[in-house]
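Colleague: For reference, this is input25.csv, and it has CSV, C-alpha atoms.
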```
chain,number,residue,atom,x,y,z
A,1,MET,CA,-22.7,0.1,-22.5
A,2,MET,CA,-23.6,-3.3,-23.9
A,3,THR,CA,-24.4,-6.0,-21.3
A,4,ILE,CA,-24.1,-9.7,-21.5
A,5,ASP,CA,-27.8,-10.1,-20.9
A,6,ASN,CA,-28.8,-7.8,-23.8
A,7,TYR,CA,-26.4,-9.2,-26.4
A,8,LYS,CA,-27.6,-11.6,-29.0
A,9,PHE,CA,-25.0,-14.4,-29.0
A,10,ALA,CA,-26.8,-16.7,-31.4
A,11,GLY,CA,-24.6,-17.6,-34.4
A,12,LYS,CA,-21.8,-15.4,-33.0
A,13,LYS,CA,-18.3,-16.3,-31.8
A,14,ALA,CA,-17.3,-14.7,-28.5
A,15,ILE,CA,-13.7,-14.4,-27.3
A,16,VAL,CA,-13.8,-14.4,-23.5
A,17,ARG,CA,-10.9,-13.3,-21.3
A,18,VAL,CA,-11.1,-15.4,-18.1
A,19,ASP,CA,-8.8,-15.8,-15.2
A,20,PHE,CA,-7.9,-19.5,-15.3
A,21,ASN,CA,-4.6,-18.9,-13.5
A,22,VAL,CA,-5.5,-21.8,-11.2
A,23,PRO,CA,-3.2,-23.6,-8.7
A,24,LEU,CA,-1.8,-26.9,-9.9
A,25,ASP,CA,-0.1,-29.7,-7.9
A,26,GLU,CA,3.1,-31.5,-9.1
A,27,ASN,CA,1.0,-33.7,-11.4
A,28,GLY,CA,-0.7,-30.8,-13.1
A,29,GLN,CA,-4.0,-31.4,-11.3
A,30,ILE,CA,-6.1,-28.4,-10.2
A,31,THR,CA,-6.2,-27.9,-6.5
A,32,ASP,CA,-8.8,-25.1,-6.4
A,33,MET,CA,-11.5,-24.7,-8.9
A,34,THR,CA,-12.8,-21.3,-7.6
A,35,ARG,CA,-11.6,-19.3,-10.6
A,36,ILE,CA,-13.0,-21.7,-13.2
A,37,ASN,CA,-16.3,-22.0,-11.4
A,38,GLY,CA,-16.5,-18.2,-11.2
A,39,ALA,CA,-16.4,-17.9,-15.0
A,40,LEU,CA,-19.0,-20.6,-15.7
A,41,PRO,CA,-22.1,-18.4,-15.7
A,42,THR,CA,-20.7,-16.2,-18.4
A,43,LEU,CA,-19.5,-19.1,-20.6
A,44,LYS,CA,-22.7,-21.1,-20.2
A,45,LYS,CA,-24.8,-18.1,-21.0
A,46,ILE,CA,-23.1,-17.6,-24.4
A,47,LEU,CA,-23.4,-21.3,-25.2
A,48,ALA,CA,-27.0,-21.5,-24.1
A,49,ASP,CA,-27.8,-18.6,-26.4
A,50,GLY,CA,-26.4,-20.4,-29.4
A,51,GLY,CA,-23.0,-18.8,-29.5
A,52,ALA,CA,-19.5,-20.4,-29.8
A,53,VAL,CA,-16.9,-19.6,-27.1
A,54,ILE,CA,-13.1,-18.9,-27.5
A,55,ILE,CA,-11.6,-19.0,-24.0
A,56,MET,CA,-8.3,-17.1,-23.4
A,57,SER,CA,-6.3,-16.8,-20.2
A,58,HIS,CA,-2.8,-16.7,-18.7
A,59,MET,CA,-1.3,-19.0,-16.2
A,60,GLY,CA,1.7,-18.2,-14.0
A,61,LYS,CA,4.6,-16.0,-15.1
A,62,PRO,CA,6.3,-17.6,-18.1
A,63,LYS,CA,7.8,-14.2,-19.0
A,64,GLY,CA,7.1,-14.4,-22.7
A,65,LYS,CA,8.5,-17.9,-23.2
A,66,VAL,CA,6.9,-21.3,-23.7
A,67,ASN,CA,6.9,-23.3,-20.4
A,68,MET,CA,4.8,-26.4,-20.5
A,69,LYS,CA,4.5,-26.4,-16.8
A,70,MET,CA,2.2,-23.4,-17.3
A,71,SER,CA,0.3,-24.8,-20.3
A,72,LEU,CA,-3.4,-24.4,-20.2
A,73,GLY,CA,-3.6,-27.8,-21.9
A,74,GLN,CA,-3.3,-29.2,-18.4
A,75,ILE,CA,-6.7,-27.9,-17.5
A,76,GLN,CA,-8.6,-28.7,-20.8
A,77,ASN,CA,-10.4,-31.7,-19.4
A,78,ALA,CA,-11.3,-30.0,-16.1
A,79,VAL,CA,-12.8,-27.0,-18.0
A,80,ALA,CA,-14.7,-29.5,-20.3
A,81,LYS,CA,-16.1,-31.3,-17.2
A,82,ALA,CA,-17.1,-28.0,-15.5
A,83,LEU,CA,-18.9,-26.8,-18.7
A,84,GLY,CA,-20.4,-30.1,-19.4
A,85,THR,CA,-19.3,-30.1,-23.0
A,86,GLU,CA,-16.2,-30.9,-25.1
A,87,VAL,CA,-13.5,-28.3,-25.2
A,88,GLN,CA,-11.0,-28.1,-28.1
A,89,PHE,CA,-7.5,-26.8,-27.5
A,90,ALA,CA,-5.4,-24.5,-29.6
A,91,PRO,CA,-1.7,-25.1,-28.8
A,92,ASP,CA,-0.7,-21.7,-30.0
A,93,CYS,CA,-2.9,-18.7,-29.1
A,94,ALA,CA,-1.5,-16.6,-31.9
A,95,LYS,CA,-2.1,-19.2,-34.6
A,96,ALA,CA,-5.6,-20.3,-33.8
A,97,LYS,CA,-7.5,-18.6,-36.7
A,98,ALA,CA,-8.4,-21.9,-38.5
A,99,ALA,CA,-9.6,-23.5,-35.3
A,100,ALA,CA,-11.7,-20.4,-34.4
A,101,ASP,CA,-13.2,-20.2,-37.9
A,102,ALA,CA,-14.2,-23.8,-37.8
A,103,LEU,CA,-16.2,-23.4,-34.5
A,104,LYS,CA,-19.9,-24.1,-34.7
A,105,PRO,CA,-22.6,-22.8,-32.3
A,106,GLY,CA,-22.3,-24.4,-28.9
A,107,GLU,CA,-18.6,-25.4,-29.4
A,108,VAL,CA,-15.7,-24.3,-27.2
A,109,LEU,CA,-12.1,-23.6,-28.0
A,110,LEU,CA,-9.4,-23.0,-25.3
A,111,LEU,CA,-6.4,-21.1,-26.3
A,112,GLU,CA,-2.9,-21.8,-25.0
A,113,ASN,CA,-1.4,-19.5,-22.3
A,114,LEU,CA,-1.4,-15.9,-23.6
A,115,ARG,CA,1.8,-15.1,-21.6
A,116,PHE,CA,3.8,-17.5,-23.7
A,117,TYR,CA,4.0,-14.3,-25.9
A,118,PRO,CA,5.8,-11.2,-24.5
A,119,GLU,CA,3.3,-9.1,-26.5
A,120,GLU,CA,0.5,-10.1,-24.0
A,121,GLU,CA,2.1,-8.1,-21.2
A,122,GLY,CA,3.7,-5.6,-23.6
A,123,LYS,CA,7.1,-5.6,-21.8
A,124,PRO,CA,10.4,-5.9,-23.7
A,125,VAL,CA,12.2,-9.2,-22.9
A,126,GLY,CA,15.9,-9.5,-22.4
A,127,ILE,CA,16.7,-5.8,-22.0
A,128,ASP,CA,17.4,-4.0,-18.8
A,129,LYS,CA,15.3,-0.8,-18.0
A,130,GLU,CA,18.6,1.1,-17.5
A,131,ASP,CA,19.7,0.2,-21.0
A,132,PRO,CA,19.7,3.3,-23.3
A,133,ALA,CA,17.9,1.2,-25.9
A,134,TYR,CA,15.1,0.2,-23.5
A,135,GLU,CA,12.7,3.0,-24.5
A,136,GLU,CA,13.0,2.2,-28.2
A,137,ALA,CA,12.4,-1.5,-27.4
A,138,LYS,CA,9.4,-0.6,-25.3
A,139,LYS,CA,7.9,1.4,-28.2
A,140,ALA,CA,8.4,-1.5,-30.6
A,141,MET,CA,6.8,-3.9,-28.1
A,142,LYS,CA,3.7,-1.7,-27.8
A,143,ALA,CA,3.3,-1.8,-31.6
A,144,SER,CA,3.7,-5.6,-31.5
A,145,GLN,CA,1.2,-5.8,-28.6
A,146,LYS,CA,-1.4,-4.1,-30.8
A,147,GLU,CA,-0.8,-6.6,-33.6
A,148,PHE,CA,-1.1,-9.5,-31.1
A,149,ALA,CA,-4.4,-8.0,-29.8
A,150,LYS,CA,-5.7,-7.6,-33.3
A,151,THR,CA,-4.9,-11.2,-34.1
A,152,LEU,CA,-6.9,-12.4,-31.0
A,153,ALA,CA,-9.7,-10.1,-32.0
A,154,SER,CA,-9.9,-11.5,-35.5
A,155,TYR,CA,-11.1,-14.9,-34.1
A,156,ALA,CA,-14.4,-13.5,-32.9
A,157,ASP,CA,-17.5,-11.3,-33.4
A,158,CYS,CA,-17.6,-10.0,-29.9
A,159,TYR,CA,-15.3,-9.6,-26.8
A,160,VAL,CA,-16.3,-10.4,-23.2
A,161,ASN,CA,-13.9,-9.6,-20.3
A,162,ASP,CA,-14.7,-11.7,-17.3
A,163,ALA,CA,-11.2,-11.6,-15.7
A,164,PHE,CA,-11.4,-9.2,-12.8
A,165,GLY,CA,-8.2,-10.6,-11.4
A,166,THR,CA,-6.2,-9.0,-14.3
A,167,ALA,CA,-8.4,-5.9,-14.9
A,168,HIS,CA,-5.7,-3.7,-13.4
A,169,ARG,CA,-3.3,-4.6,-16.2
A,170,LYS,CA,-3.3,-3.0,-19.6
A,171,HIS,CA,-2.4,-6.2,-21.4
A,172,ALA,CA,-3.3,-7.3,-25.0
A,173,SER,CA,-6.1,-9.5,-23.9
A,174,THR,CA,-7.5,-7.4,-21.0
A,175,ALA,CA,-7.6,-3.9,-22.6
A,176,VAL,CA,-5.9,-3.5,-26.0
A,177,ILE,CA,-8.1,-6.0,-27.7
A,178,ALA,CA,-11.2,-4.0,-26.8
A,179,ASP,CA,-10.0,-1.3,-29.4
A,180,TYR,CA,-10.9,-3.8,-32.2
A,181,PHE,CA,-14.6,-4.1,-31.2
A,182,ASP,CA,-17.2,-1.4,-31.4
A,183,ALA,CA,-19.2,-0.5,-28.3
A,184,ASP,CA,-22.1,-2.8,-29.2
A,185,ASN,CA,-19.8,-5.9,-29.4
A,186,LYS,CA,-17.8,-5.7,-26.2
A,187,MET,CA,-19.0,-6.2,-22.7
A,188,LEU,CA,-18.2,-7.3,-19.1
A,189,GLY,CA,-19.0,-10.8,-18.1
A,190,TYR,CA,-21.1,-11.7,-15.1
A,191,LEU,CA,-18.2,-12.1,-12.8
A,192,MET,CA,-16.7,-8.7,-13.8
A,193,GLU,CA,-20.2,-7.0,-13.4
A,194,LYS,CA,-20.4,-8.4,-9.9
A,195,GLU,CA,-16.9,-7.3,-9.0
A,196,VAL,CA,-17.4,-3.7,-10.3
A,197,LYS,CA,-20.7,-3.5,-8.4
A,198,ALA,CA,-19.1,-4.8,-5.2
A,199,VAL,CA,-16.4,-2.1,-5.4
A,200,ASP,CA,-19.1,0.5,-6.1
A,201,ASN,CA,-21.0,-0.7,-3.0
A,202,ILE,CA,-17.9,-0.1,-0.9
A,203,LEU,CA,-16.8,3.2,-2.4
A,204,SER,CA,-19.9,4.9,-3.7
A,205,ASP,CA,-22.9,3.5,-1.9
A,206,ILE,CA,-21.5,3.5,1.7
A,207,LYS,CA,-23.8,2.7,4.6
A,208,HIS,CA,-22.3,3.9,7.9
A,209,PRO,CA,-20.8,2.9,10.2
A,210,PHE,CA,-18.1,1.7,7.7
A,211,THR,CA,-15.3,-0.6,9.1
A,212,ALA,CA,-12.3,-1.5,7.1
A,213,ILE,CA,-9.8,-4.2,8.2
A,214,MET,CA,-6.4,-4.0,6.6
A,215,GLY,CA,-4.0,-6.8,7.4
A,216,GLY,CA,-0.9,-8.4,6.0
A,217,SER,CA,2.8,-7.9,6.6
A,218,LYS,CA,3.6,-4.5,5.1
A,219,VAL,CA,2.3,-1.0,5.5
A,220,SER,CA,3.9,0.0,2.3
A,221,THR,CA,1.7,-2.2,0.1
A,222,LYS,CA,-1.5,-0.9,1.7
A,223,ILE,CA,-0.7,2.8,2.1
A,224,GLY,CA,-2.6,3.9,-1.0
A,225,ILE,CA,-5.7,2.1,0.1
A,226,ILE,CA,-5.4,3.3,3.7
A,227,GLU,CA,-5.1,6.9,2.6
A,228,ASN,CA,-8.1,6.6,0.2
A,229,LEU,CA,-10.2,4.9,2.9
A,230,MET,CA,-9.3,7.5,5.5
A,231,ASP,CA,-12.0,9.9,4.2
A,232,LYS,CA,-14.6,7.2,4.1
A,233,VAL,CA,-14.4,4.9,7.1
A,234,ASP,CA,-15.5,5.3,10.6
A,235,ASN,CA,-13.3,2.5,12.0
A,236,LEU,CA,-10.0,1.4,10.6
A,237,ILE,CA,-8.4,-1.8,11.9
A,238,LEU,CA,-4.8,-2.3,11.0
A,239,CYS,CA,-3.5,-5.8,11.9
A,240,GLY,CA,-1.2,-8.6,10.9
A,241,GLY,CA,2.5,-7.9,10.5
A,242,MET,CA,1.8,-4.1,10.2
A,243,THR,CA,1.1,-4.2,13.9
A,244,TYR,CA,4.8,-4.2,14.8
A,245,THR,CA,5.8,-1.4,12.5
A,246,PHE,CA,3.2,0.8,14.4
A,247,ALA,CA,4.3,-0.5,17.8
A,248,LYS,CA,8.0,0.2,17.0
A,249,ALA,CA,7.1,3.7,15.6
A,250,GLN,CA,5.6,4.5,19.0
A,251,GLY,CA,8.7,3.4,20.9
A,252,GLY,CA,7.7,-0.2,21.5
A,253,LYS,CA,9.9,-3.3,21.7
A,254,ILE,CA,9.0,-5.9,19.1
A,255,GLY,CA,11.6,-8.7,19.5
A,256,ASN,CA,12.0,-10.5,16.2
A,257,SER,CA,8.6,-9.4,14.8
A,258,ILE,CA,8.3,-8.4,11.2
A,259,CYS,CA,8.8,-4.6,10.8
A,260,GLU,CA,9.4,-2.1,8.0
A,261,ASP,CA,12.0,0.1,9.7
A,262,ASP,CA,11.9,2.6,6.8
A,263,LYS,CA,8.1,3.1,7.3
A,264,LEU,CA,8.1,4.2,11.0
A,265,ASP,CA,7.4,7.9,10.1
A,266,LEU,CA,4.7,6.8,7.7
A,267,ALA,CA,3.1,4.8,10.6
A,268,LEU,CA,3.1,7.9,12.8
A,269,ASP,CA,1.6,9.9,10.0
A,270,ILE,CA,-1.2,7.4,9.6
A,271,ILE,CA,-2.0,7.7,13.3
A,272,ALA,CA,-2.0,11.5,13.0
A,273,GLN,CA,-4.2,11.4,9.9
A,274,ALA,CA,-6.8,9.2,11.7
A,275,LYS,CA,-6.9,11.5,14.7
A,276,ALA,CA,-7.3,14.6,12.5
A,277,LYS,CA,-10.1,13.0,10.5
A,278,GLY,CA,-11.9,11.5,13.5
A,279,VAL,CA,-11.4,7.9,12.4
A,280,ASN,CA,-11.3,5.3,15.1
A,281,LEU,CA,-8.0,3.6,14.4
A,282,VAL,CA,-7.7,0.2,16.0
A,283,LEU,CA,-4.2,-1.3,16.5
A,284,GLY,CA,-3.2,-4.4,18.3
A,285,THR,CA,-2.5,-4.0,22.0
A,286,ASP,CA,-1.5,-7.6,22.7
A,287,CYS,CA,-0.3,-10.4,20.6
A,288,VAL,CA,0.4,-14.1,20.6
A,289,ALA,CA,4.2,-14.4,20.2
A,290,GLY,CA,6.1,-17.5,19.1
A,291,ASP,CA,9.7,-18.4,19.8
A,292,LYS,CA,10.1,-19.5,16.1
A,293,PHE,CA,8.2,-19.1,12.9
A,294,ALA,CA,6.5,-22.5,13.0
A,295,ASN,CA,3.1,-24.0,13.9
A,296,ASP,CA,4.7,-25.9,16.8
A,297,ALA,CA,6.4,-22.8,18.2
A,298,ASN,CA,6.1,-22.2,22.0
A,299,GLN,CA,3.5,-19.4,22.6
A,300,GLN,CA,2.9,-16.6,25.1
A,301,VAL,CA,0.5,-13.7,25.1
A,302,VAL,CA,2.5,-10.4,25.5
A,303,PRO,CA,1.8,-6.7,24.9
A,304,ALA,CA,2.3,-5.9,21.2
A,305,ASN,CA,4.7,-3.2,22.2
A,306,ASN,CA,6.8,-5.4,24.5
A,307,VAL,CA,7.7,-8.6,22.7
A,308,PRO,CA,10.6,-10.3,24.4
A,309,ASP,CA,13.9,-10.8,22.5
A,310,GLY,CA,14.0,-13.9,20.4
A,311,TRP,CA,10.2,-14.0,20.1
A,312,GLU,CA,8.0,-12.7,17.3
A,313,GLY,CA,4.4,-11.6,17.1
A,314,MET,CA,2.4,-14.3,15.2
A,315,ASP,CA,-1.2,-13.5,15.9
A,316,ALA,CA,-3.5,-10.9,17.6
A,317,GLY,CA,-4.0,-11.5,21.3
A,318,PRO,CA,-7.3,-11.9,23.2
A,319,GLU,CA,-7.7,-8.2,24.1
A,320,THR,CA,-7.0,-7.2,20.5
A,321,GLN,CA,-9.5,-9.7,19.2
A,322,LYS,CA,-12.2,-8.1,21.4
A,323,ALA,CA,-11.3,-4.7,20.2
A,324,PHE,CA,-11.5,-5.9,16.6
A,325,ALA,CA,-14.9,-7.5,17.2
A,326,ASN,CA,-16.2,-4.3,18.9
A,327,ALA,CA,-15.1,-2.2,15.8
A,328,ILE,CA,-16.9,-4.6,13.5
A,329,GLU,CA,-20.1,-5.0,15.5
A,330,GLY,CA,-22.8,-2.7,14.4
A,331,ALA,CA,-21.1,-1.8,11.1
A,332,LYS,CA,-23.3,-1.5,8.0
A,333,THR,CA,-20.4,-1.7,5.5
A,334,ILE,CA,-17.3,-3.9,6.0
A,335,LEU,CA,-14.2,-4.4,3.9
A,336,TRP,CA,-11.6,-7.0,4.9
A,337,ASN,CA,-8.2,-7.4,3.2
A,338,GLY,CA,-5.4,-9.2,4.9
A,339,PRO,CA,-5.3,-11.6,7.9
A,340,ALA,CA,-4.5,-10.8,11.6
A,341,GLY,CA,-1.8,-13.3,11.9
A,342,VAL,CA,-0.1,-16.3,10.4
A,343,PHE,CA,-3.4,-18.0,9.7
A,344,GLU,CA,-1.6,-20.7,7.6
A,345,PHE,CA,-0.5,-22.2,10.9
A,346,ASP,CA,-3.5,-23.7,12.7
A,347,ASN,CA,-2.1,-22.7,16.1
A,348,PHE,CA,-2.1,-19.0,15.1
A,349,THR,CA,-5.6,-18.6,13.5
A,350,ALA,CA,-7.5,-17.1,16.5
A,351,GLY,CA,-7.1,-13.4,15.5
A,352,SER,CA,-8.2,-14.0,11.9
A,353,ARG,CA,-11.0,-16.2,13.0
A,354,ALA,CA,-12.3,-13.6,15.5
A,355,ILE,CA,-12.4,-11.1,12.6
A,356,ALA,CA,-14.2,-13.6,10.3
A,357,GLU,CA,-16.8,-14.4,13.0
A,358,ALA,CA,-17.5,-10.8,13.8
A,359,ILE,CA,-18.0,-10.0,10.0
A,360,ALA,CA,-20.3,-13.0,9.6
A,361,LYS,CA,-22.3,-11.9,12.6
A,362,ALA,CA,-22.6,-8.3,11.3
A,363,THR,CA,-23.6,-9.6,7.9
A,364,ASP,CA,-26.3,-11.7,9.5
A,365,GLU,CA,-27.6,-8.4,11.0
A,366,GLY,CA,-27.7,-6.7,7.6
A,367,ALA,CA,-24.2,-5.3,6.9
A,368,TYR,CA,-22.7,-5.4,3.4
A,369,SER,CA,-19.3,-7.2,3.7
A,370,LEU,CA,-16.7,-7.5,1.0
A,371,ILE,CA,-13.8,-9.9,1.4
A,372,GLY,CA,-10.9,-9.4,-1.0
A,373,GLY,CA,-7.3,-10.5,-1.4
A,374,GLY,CA,-6.0,-14.0,-1.6
A,375,ASP,CA,-5.2,-14.4,2.1
A,376,SER,CA,-8.5,-13.1,3.3
A,377,VAL,CA,-10.4,-15.3,0.9
A,378,ALA,CA,-8.3,-18.3,2.0
A,379,CYS,CA,-9.1,-17.3,5.6
A,380,ILE,CA,-12.9,-17.1,5.2
A,381,ASN,CA,-12.8,-20.4,3.2
A,382,LYS,CA,-10.6,-22.1,5.9
A,383,PHE,CA,-13.1,-21.1,8.6
A,384,GLY,CA,-16.1,-22.3,6.5
A,385,MET,CA,-17.7,-18.9,6.6
A,386,ALA,CA,-17.8,-18.0,2.8
A,387,ASP,CA,-21.6,-18.3,2.7
A,388,ARG,CA,-22.0,-15.8,5.6
A,389,VAL,CA,-20.5,-12.8,3.9
A,390,SER,CA,-22.0,-10.6,1.2
A,391,TYR,CA,-19.3,-10.9,-1.5
A,392,ILE,CA,-15.9,-12.5,-1.9
A,393,SER,CA,-13.7,-10.9,-4.6
A,394,THR,CA,-11.7,-13.0,-7.0
A,395,GLY,CA,-9.3,-10.1,-7.7
A,396,GLY,CA,-6.4,-9.4,-5.4
A,397,GLY,CA,-4.4,-6.6,-7.0
A,398,ALA,CA,-7.3,-5.4,-9.1
A,399,LEU,CA,-9.6,-5.0,-6.1
A,400,LEU,CA,-6.9,-3.2,-4.1
A,401,GLU,CA,-6.2,-0.7,-7.0
A,402,ALA,CA,-10.0,-0.2,-7.4
A,403,ILE,CA,-10.3,0.6,-3.7
A,404,GLU,CA,-7.3,2.9,-4.0
A,405,GLY,CA,-9.4,4.9,-6.5
A,406,LYS,CA,-7.4,3.9,-9.6
A,407,VAL,CA,-9.1,3.4,-13.0
A,408,LEU,CA,-8.9,-0.3,-14.0
A,409,PRO,CA,-7.8,-0.5,-17.7
A,410,GLY,CA,-9.8,-3.7,-18.2
A,411,VAL,CA,-13.0,-2.0,-17.1
A,412,ALA,CA,-12.3,1.3,-18.8
A,413,ALA,CA,-11.7,-0.4,-22.1
A,414,ILE,CA,-15.2,-1.8,-22.1
A,415,LYS,CA,-16.9,1.3,-20.7
A,416,GLY,CA,-15.0,3.6,-23.1
A,417,GLU,CA,-13.6,5.7,-20.3
```
If you took the structure in this file and wrote it as structure tokens, what would it be?

Modeller:
Amino acid sequence: MMTIDNYKFAGKKAIVRVDFNVPLDENGQITDMTRINGALPTLKKILADGGAVIIMSHMGKPKGKVNMKMSLGQIQNAVAKALGTEVQFAPDCAKAKAAADALKPGEVLLLENLRFYPEEEGKPVGIDKEDPAYEEAKKAMKASQKEFAKTLASYADCYVNDAFGTAHRKHASTAVIADYFDADNKMLGYLMEKEVKAVDNILSDIKHPFTAIMGGSKVSTKIGIIENLMDKVDNLILCGGMTYTFAKAQGGKIGNSICEDDKLDLALDIIAQAKAKGVNLVLGTDCVAGDKFANDANQQVVPANNVPDGWEGMDAGPETQKAFANAIEGAKTILWNGPAGVFEFDNFTAGSRAIAEAIAKATDEGAYSLIGGGDSVACINKFGMADRVSYISTGGGALLEAIEGKVLPGVAAIKGE
């Protein structure tokens, strides 16, 4: 497989798929530069080698229609400033051939939002899945998607995928486009290489003990990961809103706490699986409950399986925090996805902070720690501990699917799998 370090970019045009789906405020100003900064090493490498760069990305979910609130034109100046060079803008990503052809070595062209075209995602627009004509429309859209990908490919001599955040999608710009480049002219960018290596470290090169922390509100969204990890981990911490589904499944009283009533049997099955496989399953025993879902809610620490009526579990309690820290202490491999409570509220951050501190301490002592998923990344950044963990993933859904053991189309298209 060709690598970005081995490729000769001099005199070549490289079309690079990045993830510039950055958050904007009401004035169209970027509020977090993380994703742009993440792509800079790849873009700067190509330019430094004497290549020209065509940047393509999506922003938001315009559903195949032009929506100027999601225009990449809003970030043109910020990208130019970050790169330290002028960035040209193509207002229509499918009609940028002339602009691409005119690019000289060292120049940069930013294409408009790919998702202004339904062909990018390859989904029929304006027709219901139940409609008898849907399958025919889907087939026609797939053909259009190939043509769209072919158009994008025609702009450049080589293709670089550096958008791990969309690697789990078989979109025109993330996978289909790779069909129009031979193996010697397509490669992963630096960010993608790091992400793929990070997943390999977690799944293929595990140092034990291995502790995984899965948080968030729903068991249903994490079940595939939990089941895939069950054969790999020594300790499995399940926290956040999931706590109360498990508490209720075991006959507990959870007040107004979040709960998936249709997943109670699944929760019991997970408990049984952990026992059968010898996995140390750590669930919350106490919680910080609030009398309303707000930062200024009245608080009390109660058993996680005995939350009073009118109250809801908002964070892990002191005893649970200690249990979490004990399961993380001494681990050699750590995966964290999902907070332990409503960390967005400053008064309910203690559980997530306890996890972050334990991970940072274990990492200081030689553990490999991978933090993934938007909320966990926001947590570690909020607590100022990003520099005390081994790796922070930029991909939410892509990371989760990779950990689930699924093949990522964006990676497979480059590797030829």

Colleague: Pull the neighbourhood of (-16.7, -6.8, -25.9) for me: all residues within 12 Å in file coordinates, counting all atoms listed in the file, as a VMD selection string.

Modeller: chain A and resid 1 to 4 7 9 13 to 17 153 156 to 162 173 to 189 410 to 416

Colleague: Name the closest residue to Glu227 (chain A) among the candidates A:Ile202, A:Glu112, A:Gly405, A:Asn298; distances are taken between atoms, counting all atoms listed in the file.

Modeller: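 The answer is A:Gly405, which sits nearest to Glu227 (chain A).
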
Colleague: For Phe293 (chain A), which residue out of A:Val377, A:Ile258, A:Ala143, A:Ala149 is the nearest one, using all atoms listed in the file?

Modeller: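 So, comparing all the options, the nearest one is A:Ile258.
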
Colleague: Taking (4.1, -10.4, -27.7) as a centre in this file's frame and 9 Å as the limit, can you find every polymer residue with an atom that close, using all atoms listed in the file, and give them as a list in words?

Modeller: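 Here is the list of nearby residues: Gly64, Leu114, Arg115, Phe116, Tyr117, Pro118, Glu119, Glu120, Glu121, Gly122, Lys123, Pro124, Met141, Lys142, Ser144, Gln145, Lys146, Glu147, Phe148 and Ala172 of chain A.
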
Colleague: Considering only C-alpha atoms, return as a PyMOL selection string whatever protein or nucleic-acid residues lie within 9 Å of Glu260 (chain A), sequence-local ones (same chain, fewer than 3 positions apart) excluded.

Modeller: chain A and resi 217-220+242+244-245+263-264

Colleague: For CA of Leu283 (chain A) and CA of Thr320 (chain A), quote the distance in Å rounded to one decimal.

Modeller: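 Spanning CA of Leu283 (chain A) to CA of Thr320 (chain A) is a straight-line distance of 7.7 Å.
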
Colleague: Which residue, A:Thr42, A:Gly73, A:Val66, A:Asp231, has the smallest gap to Ile30 (chain A) when you use all atoms listed in the file?

Modeller: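 Counting all atoms listed in the file, the residue closest to Ile30 (chain A) is A:Gly73.
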
Colleague: As an exercise, work out the distance from CA of Asn67 (chain A) to CA of Leu399 (chain A) in Å and give it to one decimal place.

Modeller: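 Value for the CA of Asn67 (chain A)-CA of Leu399 (chain A) distance: 28.5 Å.
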
Colleague: Counting all atoms listed in the file, what is within 10 Å of region 305-311 of chain A, bar same-chain residues fewer than 4 positions away, as an NGL selection string?

Modeller: :A and (243-257 or 284-293 or 297-301)

Colleague: Using CA of Val342 (chain A) and CA of Ile380 (chain A) as the two end points, give the distance in Å to one decimal.

Modeller: 13.8 Å

Colleague: Fewer than 4 positions away in the same chain doesn't count, so skip those; otherwise give me all residues within 7 Å of Val199 (chain A), counting only C-alpha atoms, as a list in words.

Modeller: Glu195, Leu203, Ala402 and Ile403 of chain A

Colleague: Pick from A:Gln76, A:Asn21, A:Ser390, A:Asn347: nearest to Thr34 (chain A), with all atoms listed in the file counted?

Modeller: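 For Thr34 (chain A), the nearest of the candidates is A:Asn21.
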
Colleague: Of the residues A:Ala304, A:Met214, A:Tyr391, A:Lys129, which is the one nearest to Ala360 (chain A), using all atoms listed in the file?

Modeller: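 For Ala360 (chain A), the nearest of the given residues is A:Tyr391.
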
Colleague: Write out as a PDB file with C-alpha atoms, keeping the file's coordinate frame the residues lying within 12 Å of Pro41 (chain A), counting all atoms listed in the file and excluding same-chain residues fewer than 5 positions away.

Modeller:
```pdb
ATOM      1  CA  ILE A   4     -24.100  -9.700 -21.500  1.00  0.00           C
ATOM      2  CA  ASP A   5     -27.800 -10.100 -20.900  1.00  0.00           C
ATOM      3  CA  VAL A  18     -11.100 -15.400 -18.100  1.00  0.00           C
ATOM      4  CA  ARG A  35     -11.600 -19.300 -10.600  1.00  0.00           C
ATOM      5  CA  ILE A  36     -13.000 -21.700 -13.200  1.00  0.00           C
ATOM      6  CA  ILE A  46     -23.100 -17.600 -24.400  1.00  0.00           C
ATOM      7  CA  LEU A  47     -23.400 -21.300 -25.200  1.00  0.00           C
ATOM      8  CA  ALA A  48     -27.000 -21.500 -24.100  1.00  0.00           C
ATOM      9  CA  ALA A  82     -17.100 -28.000 -15.500  1.00  0.00           C
ATOM     10  CA  LEU A  83     -18.900 -26.800 -18.700  1.00  0.00           C
ATOM     11  CA  ASP A 162     -14.700 -11.700 -17.300  1.00  0.00           C
ATOM     12  CA  GLY A 189     -19.000 -10.800 -18.100  1.00  0.00           C
ATOM     13  CA  TYR A 190     -21.100 -11.700 -15.100  1.00  0.00           C
ATOM     14  CA  LEU A 191     -18.200 -12.100 -12.800  1.00  0.00           C
ATOM     15  CA  MET A 192     -16.700  -8.700 -13.800  1.00  0.00           C
ATOM     16  CA  GLU A 193     -20.200  -7.000 -13.400  1.00  0.00           C
ATOM     17  CA  LYS A 194     -20.400  -8.400  -9.900  1.00  0.00           C
TER      18      LYS A 194
END
```

Colleague: Rank nothing, just name the residue among A:Ile270, A:Val233, A:Met56, A:Cys93 nearest to Pro209 (chain A), using all atoms listed in the file.

Modeller: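 With all atoms listed in the file as the atom set, the closest residue is A:Val233.
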